[in-house]
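To be precise, the following lines are run30.txt, and they hold compact mmCIF, C-alpha atoms.
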```txt
# COMPACT_ATOMS: atom_id res chain seq x y z
CA MET A 1 -40.55 34.40 30.90
CA GLY A 2 -38.39 37.06 29.38
CA PHE A 3 -35.81 36.18 26.72
CA ARG A 4 -32.42 35.77 28.36
CA LEU A 5 -29.49 37.03 26.32
CA ARG A 6 -26.88 35.25 28.42
CA PRO A 7 -27.35 31.78 29.88
CA THR A 8 -26.24 31.60 33.47
CA SER A 9 -23.01 29.79 34.27
CA SER A 10 -24.89 27.45 36.58
CA CYS A 11 -26.71 25.89 33.63
CA THR A 12 -25.46 22.30 33.34
CA ARG A 13 -28.21 20.32 31.61
CA ALA A 14 -30.24 20.67 28.41
CA CYS A 15 -28.29 23.82 27.69
CA PRO A 16 -27.88 24.90 24.03
CA LEU A 17 -24.22 25.74 24.57
CA HIS A 18 -23.56 22.33 26.09
CA ASN A 19 -25.27 20.60 23.18
CA LEU A 20 -23.18 22.62 20.77
CA GLN A 21 -20.02 21.47 22.50
CA ILE A 22 -21.07 17.84 22.26
CA LEU A 23 -21.84 18.20 18.57
CA LEU A 24 -18.49 19.84 17.97
CA LEU A 25 -16.67 16.97 19.65
CA LEU A 26 -18.60 14.42 17.64
CA GLY A 27 -17.75 16.23 14.42
CA LEU A 28 -14.08 16.33 15.27
CA ILE A 29 -14.00 12.63 16.01
CA LEU A 30 -15.73 11.76 12.75
CA VAL A 31 -13.37 13.95 10.76
CA ALA A 32 -10.41 12.34 12.45
CA LEU A 33 -11.56 8.82 11.65
CA ALA A 34 -12.17 9.37 7.94
CA PRO A 35 -8.53 9.68 6.79
CA LEU A 36 -7.59 6.47 8.58
CA THR A 37 -10.15 4.59 6.56
CA ALA A 38 -8.83 6.11 3.36
CA GLY A 39 -5.31 5.21 4.33
CA LYS A 40 -6.19 1.62 5.02
CA SER A 41 -8.02 1.17 1.76
CA ASP A 42 -4.98 2.52 -0.05
CA GLY A 43 -2.74 0.06 1.68
CA MET A 44 -4.92 -2.97 1.10
CA ASP A 45 -5.50 -2.32 -2.58
CA PRO A 46 -8.32 -4.89 -2.80
CA TYR A 47 -9.15 -4.28 -6.45
CA ILE A 48 -7.21 -4.85 -9.62
CA GLU A 49 -6.89 -1.77 -11.76
CA LEU A 50 -9.35 -2.22 -14.60
CA ARG A 51 -7.03 -0.78 -17.20
CA CYS A 52 -3.37 -0.64 -18.12
CA ARG A 53 -1.31 1.28 -15.61
CA CYS A 54 1.62 2.16 -17.82
CA THR A 55 1.30 4.69 -20.60
CA ASN A 56 5.02 5.43 -20.89
CA THR A 57 7.89 3.13 -20.11
CA ILE A 58 11.62 3.61 -19.74
CA SER A 59 14.26 1.08 -20.61
CA GLY A 60 16.18 1.10 -17.35
CA ILE A 61 16.91 2.80 -14.04
CA PRO A 62 19.86 2.67 -11.66
CA PHE A 63 19.82 -0.64 -9.85
CA ASN A 64 20.59 0.92 -6.47
CA SER A 65 17.49 3.09 -6.49
CA ILE A 66 15.05 0.16 -6.65
CA SER A 67 13.00 -0.62 -3.57
CA LEU A 68 10.83 -3.31 -5.16
CA VAL A 69 9.60 -4.47 -8.53
CA ASN A 70 6.06 -5.54 -9.41
CA VAL A 71 5.43 -7.62 -12.51
CA TYR A 72 1.84 -7.86 -13.74
CA ARG A 73 0.79 -10.52 -16.20
CA PRO A 74 -1.51 -9.69 -19.09
CA GLY A 75 -5.17 -10.23 -18.32
CA VAL A 76 -8.65 -9.09 -19.14
CA HIS A 77 -7.80 -5.67 -17.74
CA CYS A 78 -4.67 -5.13 -19.81
CA ALA A 79 -3.13 -7.00 -22.73
CA ASP A 80 0.44 -5.99 -21.87
CA VAL A 81 2.98 -7.15 -19.37
CA GLU A 82 3.63 -4.31 -16.96
CA VAL A 83 6.73 -3.88 -14.85
CA ILE A 84 6.40 -1.21 -12.19
CA ALA A 85 9.40 -0.36 -10.04
CA THR A 86 9.02 1.44 -6.73
CA LEU A 87 12.06 3.57 -6.04
CA LYS A 88 13.56 4.16 -2.64
CA ASN A 89 12.20 7.70 -2.61
CA GLY A 90 8.69 6.31 -2.98
CA GLN A 91 8.17 7.13 -6.64
CA LYS A 92 6.87 4.51 -9.04
CA THR A 93 8.06 4.15 -12.59
CA CYS A 94 7.13 1.87 -15.46
CA LEU A 95 9.82 -0.20 -17.11
CA ASP A 96 9.75 -1.65 -20.59
CA PRO A 97 9.43 -5.44 -20.19
CA ASN A 98 11.03 -5.97 -23.59
CA ALA A 99 14.19 -4.04 -22.77
CA PRO A 100 17.19 -6.29 -22.05
CA GLY A 101 18.24 -4.00 -19.20
CA VAL A 102 14.97 -4.60 -17.39
CA LYS A 103 15.30 -8.37 -17.61
CA ARG A 104 18.85 -8.06 -16.33
CA ILE A 105 17.72 -5.96 -13.37
CA VAL A 106 15.05 -8.42 -12.33
CA MET A 107 17.30 -11.46 -12.69
CA LYS A 108 20.00 -9.64 -10.74
CA ILE A 109 17.60 -9.05 -7.86
CA LEU A 110 16.68 -12.73 -7.86
CA GLU A 111 20.32 -13.72 -7.61
CA GLY A 112 20.60 -11.58 -4.52
CA TYR A 113 23.52 -9.62 -5.99
CA MET B 1 -16.26 25.06 29.49
CA ILE B 2 -17.17 22.03 31.55
CA PRO B 3 -14.05 20.11 32.69
CA ALA B 4 -15.26 16.78 31.28
CA THR B 5 -15.99 18.43 27.95
CA ARG B 6 -12.55 19.99 27.89
CA SER B 7 -10.96 16.56 28.35
CA LEU B 8 -13.00 15.15 25.49
CA LEU B 9 -12.02 18.07 23.31
CA CYS B 10 -8.34 17.47 23.98
CA ALA B 11 -8.74 13.78 23.16
CA ALA B 12 -10.50 14.57 19.90
CA LEU B 13 -7.83 17.04 18.85
CA LEU B 14 -5.10 14.55 19.65
CA LEU B 15 -6.85 11.89 17.57
CA LEU B 16 -7.22 14.34 14.71
CA ALA B 17 -3.55 15.27 14.79
CA THR B 18 -2.51 11.64 14.89
CA SER B 19 -4.61 10.65 11.92
CA ARG B 20 -3.44 13.62 9.89
CA LEU B 21 0.15 12.71 10.58
CA ALA B 22 -0.50 9.11 9.58
CA THR B 23 -2.18 10.20 6.38
CA GLY B 24 0.62 12.56 5.43
CA ALA B 25 3.39 10.09 6.02
CA PRO B 26 4.50 8.15 2.95
CA ILE B 27 3.47 4.51 2.84
CA ALA B 28 6.58 2.89 4.21
CA ASN B 29 7.77 -0.51 3.14
CA GLU B 30 7.60 -3.37 5.57
CA LEU B 31 10.46 -2.98 8.01
CA ARG B 32 11.12 -6.70 8.27
CA CYS B 33 11.15 -9.86 6.20
CA GLN B 34 7.72 -10.79 4.92
CA CYS B 35 8.36 -14.43 4.06
CA LEU B 36 8.69 -17.09 6.72
CA GLN B 37 8.46 -20.05 4.35
CA THR B 38 8.99 -20.26 0.63
CA MET B 39 7.77 -22.59 -2.07
CA ALA B 40 9.89 -23.88 -4.91
CA GLY B 41 7.29 -22.84 -7.46
CA ILE B 42 3.65 -22.70 -8.47
CA HIS B 43 1.92 -22.94 -11.80
CA LEU B 44 2.36 -19.85 -13.92
CA LYS B 45 -1.30 -19.65 -14.88
CA ASN B 46 -2.29 -19.19 -11.24
CA ILE B 47 -0.16 -16.07 -10.89
CA GLN B 48 -1.70 -12.66 -11.29
CA SER B 49 1.29 -10.54 -10.34
CA LEU B 50 4.72 -10.89 -8.83
CA LYS B 51 6.54 -8.68 -6.36
CA VAL B 52 10.32 -8.87 -6.19
CA LEU B 53 12.01 -7.26 -3.19
CA PRO B 54 15.80 -7.00 -3.13
CA SER B 55 17.58 -7.60 0.14
CA GLY B 56 18.34 -4.55 2.22
CA PRO B 57 18.45 -3.17 5.76
CA HIS B 58 14.94 -4.44 6.38
CA CYS B 59 15.65 -8.01 5.33
CA THR B 60 18.81 -9.88 4.45
CA GLN B 61 17.02 -12.19 2.00
CA THR B 62 15.68 -11.49 -1.44
CA GLU B 63 11.94 -12.10 -1.43
CA VAL B 64 9.58 -13.04 -4.23
CA ILE B 65 5.89 -12.75 -3.41
CA ALA B 66 3.32 -13.97 -5.91
CA THR B 67 -0.26 -12.74 -5.84
CA LEU B 68 -2.51 -15.52 -7.08
CA LYS B 69 -5.67 -15.08 -9.07
CA ASN B 70 -7.74 -16.08 -6.07
CA GLY B 71 -6.27 -13.17 -4.14
CA ARG B 72 -3.89 -15.11 -1.96
CA GLU B 73 -0.19 -14.41 -1.69
CA ALA B 74 2.57 -17.00 -1.81
CA CYS B 75 6.26 -16.66 -1.13
CA LEU B 76 8.58 -18.22 -3.67
CA ASP B 77 12.19 -19.24 -3.27
CA PRO B 78 14.25 -16.77 -5.34
CA GLU B 79 17.01 -19.31 -5.78
CA ALA B 80 14.80 -22.08 -7.15
CA PRO B 81 15.34 -22.57 -10.89
CA LEU B 82 11.61 -22.88 -11.49
CA VAL B 83 11.00 -19.49 -9.90
CA GLN B 84 13.56 -17.88 -12.14
CA LYS B 85 11.92 -19.47 -15.16
CA ILE B 86 8.55 -18.14 -14.01
CA VAL B 87 9.94 -14.63 -13.83
CA GLN B 88 11.53 -14.91 -17.25
CA LYS B 89 8.29 -16.15 -18.74
CA MET B 90 6.32 -13.35 -17.14
CA LEU B 91 8.65 -10.77 -18.61
CA LYS B 92 8.14 -12.31 -22.04
CA GLY B 93 4.41 -11.81 -21.78
CA VAL B 94 3.23 -15.38 -22.18
CA PRO B 95 -0.51 -15.28 -22.77
CA LYS B 96 -2.56 -17.20 -20.22
```
Whole structure given in structure tokens:
Amino acid sequence: MGFRLRPTSSCTRACPLHNLQILLLLGLILVALAPLTAGKSDGMDPYIELRCRCTNTISGIPFNSISLVNVYRPGVHCADVEVIATLKNGQKTCLDPNAPGVKRIVMKILEGY
Amino acid sequence: MIPATRSLLCAALLLLATSRLATGAPIANELRCQCLQTMAGIHLKNIQSLKVLPSGPHCTQTEVIATLKNGREACLDPEAPLVQKIVQKMLKGVPK
């Protein structure tokens, strides 16, 4: 048989072009699935950070900008208390647990202002 | 291109676009209350971290969610005096 430069359009099985299409689809699907997995693992946060999270702290932020406050107790991973506020714009910032303003903010949230 | 293959290609592209959009979007807060029941308090040494959510459009109640050392989460009553003491102690950095 001579080498055919162009496969005929009637070719429907065991055709290299067809196999290439299938492989392309499979690749696309796999690529699409990967970010979802990454997203989920971010959301679940199954592991404790094995180190302190806060290197710099500030003594206070505007009360209205707070979306939620996380308070982490000292443990084997970190000897300090850490207070991490998530702002309404999505940013996270570390607060100084010793600052009176921070205590006031947290207690104010508890009272339901 | 074979019609069946074209359909699969469209489906794959749609899935890809959807996942990219989901990845790019910021992680939104829960859009509803997270606590159905609350406890008056738990022992401080069982607590690993505490999450305090002020009331807002998503929820009319202030919510306090404790993550225990065994990985579970428990909702605490923000108005209970014991809960407020727990928070104060945590901010003081009481060693376990």
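The smallest atom-to-atom distance between A:Phe63 and any of B:Pro54, B:Ile65, B:Cys59, B:Thr5, using only C-alpha atoms, is found for B:Pro54.
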Name the residues in contact with stretch 90-93 of chain A at a cut-off of 12 Å, using only C-alpha atoms, excluding same-chain residues fewer than 4 positions from it; report them as a CSV table (one decimal) with C-alpha atoms, in the frame of the given file.
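And here's around22.csv as it stands now:
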```
chain,number,residue,atom,x,y,z
A,53,ARG,CA,-1.3,1.3,-15.6
A,54,CYS,CA,1.6,2.2,-17.8
A,55,THR,CA,1.3,4.7,-20.6
A,56,ASN,CA,5.0,5.4,-20.9
A,57,THR,CA,7.9,3.1,-20.1
A,58,ILE,CA,11.6,3.6,-19.7
A,59,SER,CA,14.3,1.1,-20.6
A,60,GLY,CA,16.2,1.1,-17.4
A,61,ILE,CA,16.9,2.8,-14.0
A,62,PRO,CA,19.9,2.7,-11.7
A,65,SER,CA,17.5,3.1,-6.5
A,66,ILE,CA,15.0,0.2,-6.6
A,67,SER,CA,13.0,-0.6,-3.6
A,68,LEU,CA,10.8,-3.3,-5.2
A,69,VAL,CA,9.6,-4.5,-8.5
A,70,ASN,CA,6.1,-5.5,-9.4
A,82,GLU,CA,3.6,-4.3,-17.0
A,83,VAL,CA,6.7,-3.9,-14.8
A,84,ILE,CA,6.4,-1.2,-12.2
A,85,ALA,CA,9.4,-0.4,-10.0
A,86,THR,CA,9.0,1.4,-6.7
B,25,ALA,CA,3.4,10.1,6.0
B,26,PRO,CA,4.5,8.2,3.0
B,27,ILE,CA,3.5,4.5,2.8
B,28,ALA,CA,6.6,2.9,4.2
B,29,ASN,CA,7.8,-0.5,3.1
```
### Task
Pick out the closest residue to B:Ser55 from this set: B:Gln88, B:Ala80, B:Ala11, B:Gln34. Count all atoms listed in the file.
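The shortest atom-to-atom distance to B:Ser55 comes from B:Gln34.
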Pull the closest atom pair for each residue of chain A that gets at most 7 Å from chain B, along with the distance in Å to one decimal, counting all atoms listed in the file, ordering rows by chain and then ascending residue number, as a Markdown table.
```
| residue | atom | partner | partner_atom | distance |
| --- | --- | --- | --- | --- |
| A:Leu25 | CA | B:Leu9 | CA | 6.0 |
| A:Leu28 | CA | B:Ala12 | CA | 6.1 |
| A:Ile29 | CA | B:Ala12 | CA | 5.6 |
| A:Ala32 | CA | B:Leu16 | CA | 4.4 |
| A:Pro35 | CA | B:Thr23 | CA | 6.4 |
| A:Leu36 | CA | B:Ser19 | CA | 6.1 |
| A:Gly39 | CA | B:Thr23 | CA | 6.2 |
| A:Ser67 | CA | B:Leu53 | CA | 6.7 |
| A:Leu68 | CA | B:Leu53 | CA | 4.6 |
| A:Val69 | CA | B:Val52 | CA | 5.0 |
| A:Asn70 | CA | B:Lys51 | CA | 4.4 |
| A:Val71 | CA | B:Leu50 | CA | 5.0 |
| A:Tyr72 | CA | B:Ser49 | CA | 4.4 |
| A:Arg73 | CA | B:Ser49 | CA | 5.9 |
| A:Pro74 | CA | B:Pro95 | CA | 6.8 |
| A:Val81 | CA | B:Gly93 | CA | 5.4 |
| A:Pro97 | CA | B:Leu91 | CA | 5.6 |
| A:Ile109 | CA | B:Pro54 | CA | 5.5 |
| A:Leu110 | CA | B:Pro78 | CA | 5.3 |
| A:Glu111 | CA | B:Glu79 | CA | 6.7 |
| A:Gly112 | CA | B:Thr62 | CA | 5.8 |
```
With C-alpha atoms retained, write the just-selected residues as a JSON list (two decimals), in the coordinates of the input.
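Contents of part16.json, freshly written:
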```
[["chain", "number", "residue", "atom", "x", "y", "z"],
["A", 25, "LEU", "CA", -16.67, 16.97, 19.65],
["A", 28, "LEU", "CA", -14.08, 16.33, 15.27],
["A", 29, "ILE", "CA", -14.00, 12.63, 16.01],
["A", 32, "ALA", "CA", -10.41, 12.34, 12.45],
["A", 35, "PRO", "CA", -8.53, 9.68, 6.79],
["A", 36, "LEU", "CA", -7.59, 6.47, 8.58],
["A", 39, "GLY", "CA", -5.31, 5.21, 4.33],
["A", 67, "SER", "CA", 13.00, -0.62, -3.57],
["A", 68, "LEU", "CA", 10.83, -3.31, -5.16],
["A", 69, "VAL", "CA", 9.60, -4.47, -8.53],
["A", 70, "ASN", "CA", 6.06, -5.54, -9.41],
["A", 71, "VAL", "CA", 5.43, -7.62, -12.51],
["A", 72, "TYR", "CA", 1.84, -7.86, -13.74],
["A", 73, "ARG", "CA", 0.79, -10.52, -16.20],
["A", 74, "PRO", "CA", -1.51, -9.69, -19.09],
["A", 81, "VAL", "CA", 2.98, -7.15, -19.37],
["A", 97, "PRO", "CA", 9.43, -5.44, -20.19],
["A", 109, "ILE", "CA", 17.60, -9.05, -7.86],
["A", 110, "LEU", "CA", 16.68, -12.73, -7.86],
["A", 111, "GLU", "CA", 20.32, -13.72, -7.61],
["A", 112, "GLY", "CA", 20.60, -11.58, -4.52]]
```
### Query
Between atom CA of B:Cys75 and atom CA of B:Met39, what is the spacing in Å?
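We find that atom CA of B:Met39 and atom CA of B:Cys75 lie 6.2 Å from each other.
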### Message
If I take atom CA of B:Ala74 and atom CA of A:Lys108, how far is one from the other in Å, to one decimal?
### Response
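Between these atoms lies a distance of 20.9 Å.
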Return as lines of an AutoDock Vina configuration file the box centre and box size in Å, one decimal, for an axis-aligned box around all listed atoms of stretch 51-65 of chain A padded by 6 Å per side.
```
center_x = 6.8
center_y = 2.3
center_z = -13.7
size_x = 39.6
size_y = 18.2
size_z = 26.4
```
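From atom CA of A:Leu24 back to atom CA of B:Ser7, the distance works out to 13.2 Å.
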